[in-house]
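Participant: protein-v8.cif (mmCIF, C-alpha atoms and all ligand atoms) pasted underneath:
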data_coords
loop_
_atom_site.label_atom_id
_atom_site.label_comp_id
_atom_site.auth_asym_id
_atom_site.auth_seq_id
_atom_site.Cartn_x
_atom_site.Cartn_y
_atom_site.Cartn_z
CA MET A 1 0.00 0.00 0.00
CA ILE A 2 2.75 2.44 0.99
CA LEU A 3 4.66 1.48 -2.15
CA ALA A 4 1.55 2.13 -4.30
CA ILE A 5 1.05 5.61 -2.76
CA ARG A 6 4.75 6.44 -3.32
CA LEU A 7 4.53 5.27 -6.97
CA PHE A 8 1.39 7.35 -7.52
CA THR A 9 3.07 10.44 -6.01
CA PHE A 10 6.16 9.82 -8.14
CA VAL A 11 4.15 9.60 -11.42
CA ARG A 12 2.23 12.79 -10.62
CA SER A 13 5.33 14.86 -9.72
CA SER A 14 7.14 17.29 -12.12
CA PRO A 15 10.03 16.02 -14.35
CA ASP A 16 12.65 17.91 -12.27
CA MET A 17 11.23 16.51 -9.09
CA ARG A 18 11.23 13.03 -10.62
CA LYS A 19 14.91 13.44 -11.60
CA MET A 20 15.76 14.51 -8.08
CA ARG A 21 13.89 11.56 -6.63
CA VAL A 22 15.59 9.11 -9.00
CA ARG A 23 19.02 10.57 -8.06
CA PHE A 24 18.13 10.30 -4.39
CA LEU A 25 16.98 6.72 -4.81
CA VAL A 26 20.14 5.75 -6.72
CA SER A 27 22.32 7.41 -4.04
CA VAL A 28 20.50 5.50 -1.30
CA LEU A 29 20.95 2.21 -3.17
CA VAL A 30 24.68 2.86 -3.80
CA ILE A 31 25.32 3.87 -0.16
CA SER A 32 23.34 0.86 1.14
CA SER A 33 25.28 -1.44 -1.12
CA LEU A 34 28.62 0.06 0.04
CA ILE A 35 27.64 -0.26 3.71
CA SER A 36 26.46 -3.82 3.15
CA CYS A 37 29.75 -4.76 1.41
CA SER A 38 31.77 -3.11 4.14
CA LEU A 39 29.82 -4.93 6.88
CA LYS A 40 30.16 -8.22 5.03
CA LYS A 41 33.92 -7.71 4.66
CA GLN A 42 34.17 -6.80 8.35
CA GLN A 43 32.24 -9.96 9.29
CA GLU A 44 34.57 -12.05 7.09
CA ASP A 45 37.64 -10.37 8.63
CA ASN A 46 36.29 -10.96 12.15
CA HIS A 47 35.54 -14.58 11.30
CA GLN A 48 39.09 -15.07 9.99
CA THR A 49 40.71 -13.44 13.03
CA SER A 50 38.45 -15.44 15.37
CA GLN A 51 39.52 -18.62 13.61
CA HIS A 52 43.16 -17.58 13.96
CA THR A 53 42.67 -16.91 17.69
CA CYS A 54 40.91 -20.23 18.22
CA VAL A 55 43.67 -22.21 16.44
CA SER A 56 46.43 -20.39 18.36
CA ILE A 57 44.72 -21.01 21.71
CA ARG A 58 44.12 -24.70 21.01
CA GLU A 59 47.78 -25.20 20.07
CA ILE A 60 48.64 -24.46 23.69
CA PHE A 61 45.39 -25.50 25.38
CA PRO A 62 43.90 -28.41 23.40
CA GLY A 63 40.15 -28.63 23.84
CA ALA A 64 39.73 -25.02 25.00
CA ILE A 65 36.28 -23.68 24.06
CA PRO A 66 34.56 -20.29 24.23
CA PHE A 67 33.71 -19.62 27.86
CA ASN A 68 30.02 -19.01 27.24
CA ASP A 69 29.64 -22.28 25.33
CA TYR A 70 31.24 -24.09 28.24
CA THR A 71 28.96 -22.42 30.76
CA ASP A 72 25.87 -23.35 28.71
CA SER A 73 27.01 -26.97 28.42
CA LEU A 74 27.91 -27.26 32.09
CA LEU A 75 24.58 -25.91 33.31
CA PHE A 76 22.70 -28.08 30.84
CA PHE A 77 24.66 -31.13 32.05
CA LEU A 78 24.06 -30.34 35.72
CA TYR A 79 20.33 -29.96 35.13
CA THR A 80 19.70 -32.89 32.79
CA VAL A 81 22.02 -35.42 34.42
CA HIS A 82 21.91 -34.41 38.07
CA ASN A 83 18.65 -32.45 38.21
CA ILE A 84 20.39 -29.32 39.55
CA PRO A 85 18.54 -26.19 38.37
CA LYS A 86 20.43 -22.92 37.91
CA ASP A 87 18.64 -21.20 40.76
CA LYS A 88 19.90 -23.83 43.20
CA ILE A 89 23.54 -23.16 42.30
CA LEU A 90 25.79 -20.72 44.13
CA LEU A 91 29.04 -20.00 42.32
CA ALA A 92 32.34 -19.28 44.06
CA GLN A 93 35.20 -18.24 41.87
CA SER A 94 38.86 -18.35 42.65
CA THR A 95 39.88 -16.13 39.78
CA CYS A 96 41.97 -12.98 39.52
CA SER A 97 40.63 -9.58 40.57
CA ASP A 98 41.08 -8.33 36.98
CA ASP A 99 37.88 -6.72 35.66
CA ILE A 100 38.25 -8.56 32.35
CA LEU A 101 37.05 -11.74 34.05
CA ASN A 102 33.64 -10.22 34.53
CA THR A 103 33.51 -8.37 31.23
CA LYS A 104 32.89 -11.10 28.68
CA ASN A 105 32.73 -14.50 30.28
CA SER A 106 30.69 -14.30 33.40
CA PHE A 107 28.42 -16.99 34.78
CA ILE A 108 26.18 -14.14 35.92
CA ASN A 109 24.29 -14.00 32.61
CA HIS A 110 23.32 -17.60 33.16
CA LYS A 111 21.32 -16.82 36.30
CA VAL A 112 23.28 -18.87 38.79
CA LYS A 113 23.66 -17.22 42.19
CA GLY A 114 26.85 -15.41 43.04
CA PRO A 115 29.66 -15.20 42.47
CA PHE A 116 31.22 -15.36 45.91
CA ILE A 117 34.73 -14.08 45.23
CA LEU A 118 37.38 -16.35 46.72
CA GLY A 119 40.23 -15.16 44.57
CA GLY A 120 42.53 -12.23 44.67
CA LEU A 121 45.46 -11.41 42.40
CA GLY A 122 46.45 -14.28 40.17
CA GLY A 123 43.42 -16.36 41.25
CA LEU A 124 44.75 -17.66 44.56
CA PRO A 125 42.01 -18.03 47.21
CA PHE A 126 42.96 -15.15 49.47
CA THR A 127 39.69 -15.23 51.44
CA GLY A 128 40.97 -18.41 53.12
CA LEU A 129 39.02 -20.77 55.33
CA THR A 130 36.70 -18.05 56.61
CA GLY A 131 35.68 -17.00 53.10
CA TYR A 132 35.26 -20.54 51.87
CA ASN A 133 33.00 -21.48 54.76
CA ALA A 134 31.02 -18.26 54.47
CA PHE A 135 30.36 -19.19 50.84
CA ALA A 136 29.31 -22.70 51.87
CA GLN A 137 26.78 -21.29 54.35
CA HIS A 138 25.13 -19.26 51.58
CA VAL A 139 24.35 -22.13 49.20
CA PRO A 140 20.60 -22.82 48.75
CA ASP A 141 19.29 -25.75 50.82
CA ARG A 142 19.77 -29.05 48.97
CA GLY A 143 21.40 -27.03 46.20
CA ALA A 144 24.88 -27.02 44.72
CA ALA A 145 28.11 -25.24 45.61
CA LEU A 146 29.94 -24.68 42.34
CA VAL A 147 33.60 -23.81 42.89
CA PHE A 148 35.38 -22.51 39.83
CA ILE A 149 39.17 -22.41 40.12
CA GLY A 150 40.60 -20.56 37.16
CA PRO A 151 43.63 -18.30 36.94
CA HIS A 152 43.82 -16.48 33.63
CA ILE A 153 46.14 -15.64 30.78
CA GLY A 154 45.66 -13.30 27.84
CA TYR A 155 46.01 -14.01 24.16
CA SER A 156 46.00 -11.10 21.75
CA LYS A 157 46.20 -11.73 18.02
CA GLN A 158 48.53 -8.75 17.66
CA ALA A 159 50.60 -9.03 20.82
CA GLY A 160 50.49 -12.79 21.53
CA TRP A 161 50.41 -14.63 24.84
CA GLY A 162 50.29 -12.72 28.09
CA ARG A 163 48.64 -9.63 26.60
CA ILE A 164 45.21 -8.42 25.48
CA MET A 165 43.63 -5.35 23.98
CA ARG A 166 41.08 -3.82 26.34
CA GLU A 167 38.09 -1.79 25.18
CA GLY A 168 38.85 1.93 24.96
CA GLN A 169 42.63 1.48 24.80
CA LEU A 170 44.98 1.68 21.83
CA GLU A 171 47.80 -0.42 23.29
CA SER A 172 47.70 -3.95 24.68
CA THR A 173 48.27 -4.58 28.39
CA SER A 174 49.54 -7.61 30.28
CA CYS A 175 47.15 -10.38 31.31
CA CYS A 176 47.50 -11.70 33.93
CA GLY A 177 49.36 -8.58 35.00
CA ALA A 178 50.04 -9.88 38.52
CA THR A 179 51.47 -13.18 37.27
CA SER A 180 53.48 -11.54 34.47
CA HIS A 181 54.97 -9.05 36.89
CA VAL A 182 56.05 -11.80 39.28
CA LEU A 183 57.51 -13.82 36.39
CA GLU A 184 59.54 -10.86 35.20
CA LYS A 185 60.87 -10.36 38.75
CA LEU A 186 61.71 -14.08 39.02
CA GLN A 187 63.57 -13.99 35.70
CA ARG A 188 65.80 -11.15 36.91
CA HIS A 189 66.27 -12.90 40.28
CA GLY A 190 64.57 -10.04 42.12
CA ILE A 191 62.45 -12.08 44.56
CA LEU A 192 63.80 -12.35 48.09
CA THR A 193 63.76 -15.82 49.68
CA ASN A 194 61.37 -16.27 52.63
CA LYS A 195 60.30 -12.63 52.55
CA GLN A 196 57.16 -12.11 54.64
CA PRO A 197 54.50 -10.46 52.44
CA GLU A 198 53.94 -6.85 53.43
CA GLU A 199 50.60 -5.12 53.84
CA LYS A 200 51.20 -2.67 50.97
CA ASP A 201 51.44 -5.46 48.35
CA TYR A 202 50.41 -8.57 50.25
CA GLN A 203 48.80 -10.66 47.49
CA GLU A 204 51.50 -10.02 44.89
CA GLU A 205 54.21 -10.98 47.37
CA VAL A 206 52.41 -14.25 48.17
CA ILE A 207 52.49 -15.05 44.43
CA GLU A 208 56.18 -14.16 44.38
CA GLN A 209 56.93 -16.76 47.04
CA LEU A 210 54.93 -19.36 45.09
CA ALA A 211 57.02 -18.56 42.01
CA LEU A 212 60.24 -18.83 43.98
CA LYS A 213 59.21 -22.23 45.34
CA ASN A 214 58.72 -23.45 41.75
CA LYS A 215 61.58 -21.47 40.27
CA ASP A 216 63.28 -24.31 38.37
CA GLU A 217 60.10 -25.57 36.72
CA ILE A 218 59.11 -22.07 35.63
CA LEU A 219 62.50 -20.86 34.44
CA ASN A 220 63.32 -24.10 32.59
CA SER A 221 60.02 -24.00 30.70
CA ASP A 222 59.96 -22.81 27.10
CA LYS A 223 56.60 -21.18 27.92
CA PRO A 224 57.22 -19.88 31.44
CA LEU A 225 54.06 -17.78 31.76
CA ILE A 226 51.86 -20.73 30.78
CA THR A 227 53.75 -23.06 33.12
CA PHE A 228 53.39 -20.54 35.94
CA THR A 229 49.65 -20.10 35.27
CA LYS A 230 49.16 -23.87 35.47
CA LEU A 231 51.04 -23.97 38.76
CA ILE A 232 48.67 -21.34 40.12
CA TYR A 233 45.52 -23.36 39.45
CA LYS A 234 47.15 -26.42 41.03
CA GLU A 235 48.09 -24.37 44.09
CA ALA A 236 44.62 -22.79 44.31
CA GLU A 237 43.00 -26.22 44.13
CA ARG A 238 45.40 -27.62 46.72
CA GLN A 239 44.58 -24.82 49.13
CA ILE A 240 40.79 -24.96 48.63
CA THR A 241 40.46 -28.73 48.83
CA ASN A 242 42.52 -28.72 52.04
CA MET A 243 40.07 -26.35 53.72
CA PRO A 244 37.64 -28.27 55.94
CA LEU A 245 34.01 -27.32 55.31
CA ARG A 246 31.68 -26.85 58.25
CA LYS A 247 28.34 -28.65 58.08
CA SER A 248 26.03 -27.04 55.54
CA ASN A 249 22.65 -27.82 54.01
CA PHE A 250 23.61 -28.19 50.37
CA LYS A 251 23.68 -31.48 48.48
CA PHE A 252 26.33 -31.12 45.78
CA LEU A 253 29.88 -29.80 45.84
CA ILE A 254 31.21 -29.25 42.34
CA PHE A 255 34.74 -28.29 41.31
CA VAL A 256 35.70 -27.00 37.89
CA VAL A 257 39.43 -26.48 37.56
CA GLY A 258 41.19 -24.92 34.60
CA ILE A 259 42.43 -21.71 33.00
CA VAL A 260 40.54 -18.76 31.55
CA ILE A 261 42.02 -17.40 28.32
CA ASN A 262 41.09 -13.77 27.83
CA THR A 263 41.21 -12.36 24.32
CA ASP A 264 40.81 -9.10 22.41
CA PRO A 265 37.35 -7.45 22.41
CA THR A 266 36.47 -8.88 18.98
CA ASP A 267 36.98 -12.49 20.11
CA PRO A 268 35.22 -14.57 22.76
CA ASP A 269 37.10 -15.54 25.89
CA TYR A 270 37.98 -19.21 26.20
CA ILE A 271 38.20 -21.74 28.97
CA TRP A 272 40.42 -24.79 29.21
CA VAL A 273 39.15 -27.24 31.82
CA ASP A 274 41.75 -29.57 33.28
CA HIS A 275 39.22 -31.52 35.33
CA MET A 276 35.87 -31.42 37.04
CA ALA A 277 34.50 -33.28 40.04
CA ILE A 278 31.03 -33.60 41.56
CA TYR A 279 30.45 -34.83 45.09
CA ASP A 280 27.06 -35.83 46.46
CA LEU A 281 27.41 -34.88 50.11
CA GLU A 282 24.22 -36.67 51.16
CA SER A 283 25.26 -40.07 49.83
CA GLU A 284 28.98 -39.21 50.24
CA ARG A 285 29.64 -40.33 46.69
CA GLU A 286 31.88 -38.83 44.07
CA LEU A 287 29.53 -38.91 41.11
CA ARG A 288 31.79 -38.15 38.23
CA ILE A 289 35.19 -36.82 37.41
CA MET A 290 35.71 -35.49 33.92
CA GLU A 291 39.32 -35.43 32.89
CA LYS A 292 40.27 -33.45 29.81
ZN ZN B 1 45.15 -11.25 36.66
#
What's the structure tokens form of this structure?
Facilitator:
Amino acid sequence: MILAIRLFTFVRSSPDMRKMRVRFLVSVLVISSLISCSLKKQQEDNHQTSQHTCVSIREIFPGAIPFNDYTDSLLFFLYTVHNIPKDKILLAQSTCSDDILNTKNSFINHKVKGPFILGGLGGLPFTGLTGYNAFAQHVPDRGAALVFIGPHIGYSKQAGWGRIMREGQLESTSCCGATSHVLEKLQRHGILTNKQPEEKDYQEEVIEQLALKNKDEILNSDKPLITFTKLIYKEAERQITNMPLRKSNFKFLIFVVGIVINTDPTDPDYIWVDHMAIYDLESERELRIMEK
């Protein structure tokens, strides 16, 4: 109908007016076509760079998948196999304080409760026994405590491992900055043995001592930042699983242990899961462990 009215108006207009309208129409078509081509090219470029990022990440972390895909699959699995609905899950995360961890890859969009933040710099569980038990007391009755242990590392297609572009910035920055800084200090032998961490930089100095304890393994590695990041998730898991839990009313205790791989803004973040474990606290059974 609108088209018919426009056609009628066009036929009844003066020749000059018709010329103007034809020119206008042609201009609109040309501009639309240019925009469409440009968008298509941009989509193709993005697809190619995303492919490149995915291949590069999987060379180092085989089986890594976009974080959101993993979250969807995990929650689907917990519901369909173990009948655990999202609203009965409280998430605790032992991940770094870096804002990037809540920018692209959060569990929050998936409507689980939380997160209760266990982690500080690097992803070590700085809240300790008190924090872990506080989290446990907050889990819905007969619900699930989901503990995600995941230090992070950046991958930028321009700048490589250990760096990412952040939105609103023109230069890449280090990721994880805390871990990278400690590594750099370890490599120049700047970490003091048995130094008590000081209040002004407590968390970073705890990571320094962890690096020093594993100095040979880190410095002899051909990918020292990746080796160091893996040591951090092992240490975080060791600390958390050694913390005794007070009696609580939840049914499942779930651990997901791995590494978060942050990327540039145009790519999704990834997760590499080393292993996962589910414990049924009522029947005291370990239901399933998924190794990578
Ligand atoms: Zn970090």
Participant: Return as a PyMOL selection string the residues of protein, DNA or RNA that approach ligand ZN 1 (chain B) to within 10 Å, with all atoms listed in the file taken into account.
Facilitator: chain A and resi 95-101+120-123+151-154+174-180
Participant: Go ahead and dump the residues you just picked, C-alpha atoms, as a compact mmCIF listing (two decimals), in the frame of the given file.
Facilitator:
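Output contents, as saved in out.txt:
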# COMPACT_ATOMS: atom_id res chain seq x y z
CA THR A 95 39.88 -16.13 39.78
CA CYS A 96 41.97 -12.98 39.52
CA SER A 97 40.63 -9.58 40.57
CA ASP A 98 41.08 -8.33 36.98
CA ASP A 99 37.88 -6.72 35.66
CA ILE A 100 38.25 -8.56 32.35
CA LEU A 101 37.05 -11.74 34.05
CA GLY A 120 42.53 -12.23 44.67
CA LEU A 121 45.46 -11.41 42.40
CA GLY A 122 46.45 -14.28 40.17
CA GLY A 123 43.42 -16.36 41.25
CA PRO A 151 43.63 -18.30 36.94
CA HIS A 152 43.82 -16.48 33.63
CA ILE A 153 46.14 -15.64 30.78
CA GLY A 154 45.66 -13.30 27.84
CA SER A 174 49.54 -7.61 30.28
CA CYS A 175 47.15 -10.38 31.31
CA CYS A 176 47.50 -11.70 33.93
CA GLY A 177 49.36 -8.58 35.00
CA ALA A 178 50.04 -9.88 38.52
CA THR A 179 51.47 -13.18 37.27
CA SER A 180 53.48 -11.54 34.47
Participant: With distances taken over all atoms listed in the file, which of A:Arg58, A:Lys234, A:His275, A:Lys200 is nearest to Tyr155 (chain A)?
Facilitator: A:Arg58
Participant: For the point (22.9, -20.3, 37.9) in file coordinates, what residues are within 9 Å, counting only C-alpha atoms? Give the answer as a list in words?
Facilitator: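 Collected hits near the coordinates: Leu75, Pro85, Lys86, Asp87, Lys88, Ile89, Leu90, Leu91, Phe107, Ile108, Asn109, His110, Lys111, Val112, Lys113 and Gly114 of chain A.
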Participant: Using the selection just defined, write its residues with C-alpha atoms as a PDB file, in the frame of the given file.
Facilitator:
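Output (selection26.pdb):
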ATOM      1  CA  LEU A  75      24.580 -25.910  33.310  1.00  0.00           C
ATOM      2  CA  PRO A  85      18.540 -26.190  38.370  1.00  0.00           C
ATOM      3  CA  LYS A  86      20.430 -22.920  37.910  1.00  0.00           C
ATOM      4  CA  ASP A  87      18.640 -21.200  40.760  1.00  0.00           C
ATOM      5  CA  LYS A  88      19.900 -23.830  43.200  1.00  0.00           C
ATOM      6  CA  ILE A  89      23.540 -23.160  42.300  1.00  0.00           C
ATOM      7  CA  LEU A  90      25.790 -20.720  44.130  1.00  0.00           C
ATOM      8  CA  LEU A  91      29.040 -20.000  42.320  1.00  0.00           C
ATOM      9  CA  PHE A 107      28.420 -16.990  34.780  1.00  0.00           C
ATOM     10  CA  ILE A 108      26.180 -14.140  35.920  1.00  0.00           C
ATOM     11  CA  ASN A 109      24.290 -14.000  32.610  1.00  0.00           C
ATOM     12  CA  HIS A 110      23.320 -17.600  33.160  1.00  0.00           C
ATOM     13  CA  LYS A 111      21.320 -16.820  36.300  1.00  0.00           C
ATOM     14  CA  VAL A 112      23.280 -18.870  38.790  1.00  0.00           C
ATOM     15  CA  LYS A 113      23.660 -17.220  42.190  1.00  0.00           C
ATOM     16  CA  GLY A 114      26.850 -15.410  43.040  1.00  0.00           C
TER      17      GLY A 114
END
Participant: Please, what distance in Å, to one decimal, runs between CA of Trp272 (chain A) and CA of Ala145 (chain A)?
Facilitator: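 Pair CA of Trp272 (chain A) / CA of Ala145 (chain A) returns 20.5 Å.
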Participant: Here's a test: counting only C-alpha atoms, identify every protein, DNA and RNA residue with an atom at most 12 Å from (42.3, -27.3, 48.2) in the file's coordinate frame, and state them as JSON, numbers by chain.
Facilitator: {"A": [94, 124, 125, 128, 129, 132, 147, 148, 149, 232, 233, 234, 235, 236, 237, 238, 239, 240, 241, 242, 243, 244, 245, 255, 257]}
Participant: Using all atoms listed in the file, which of the listed residues (A:Ser221, A:Gln169, A:Thr71, A:Ser248) sits closest to Ala134 (chain A)?
Facilitator: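 Among the listed residues, A:Ser248 lies closest to Ala134 (chain A).
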Participant: One number please: CA of Pro66 (chain A) to CA of Leu170 (chain A), in Å, one decimal.
Facilitator: 24.4 Å
Participant: Select, from A:Lys195, A:Arg188, A:Arg163, A:Arg285, the residue with the minimum atom-to-atom distance to Ile207 (chain A), counting all atoms listed in the file.
Facilitator: A:Lys195
Participant: One number please: CA of Leu210 (chain A) to CA of Phe126 (chain A), in Å, one decimal.
Facilitator: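 Between these atoms lies a distance of 13.4 Å.
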Participant: Nearest to Ala92 (chain A): which of A:Asp69, A:Leu118, A:Gln187, A:Cys54 is it, counting all atoms listed in the file?
Facilitator: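 Using all atoms listed in the file, the shortest distance to Ala92 (chain A) belongs to A:Leu118.
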Participant: Name all residues at most 9 Å from Leu212 (chain A) (count all atoms listed in the file; drop same-chain ones fewer than 6 positions away) and give them as a list in words.
Facilitator: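 Near Leu212 (chain A), the qualifying residues are Leu186, Ile191, Leu192 and Thr193 of chain A.
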Participant: Of the candidates A:Tyr70, A:Tyr79, A:Phe135, A:Tyr279, which shows the shortest atom-to-atom distance to Val260 (chain A), using all atoms listed in the file?
Facilitator: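 Of all the options, A:Tyr70 lies closest to Val260 (chain A).
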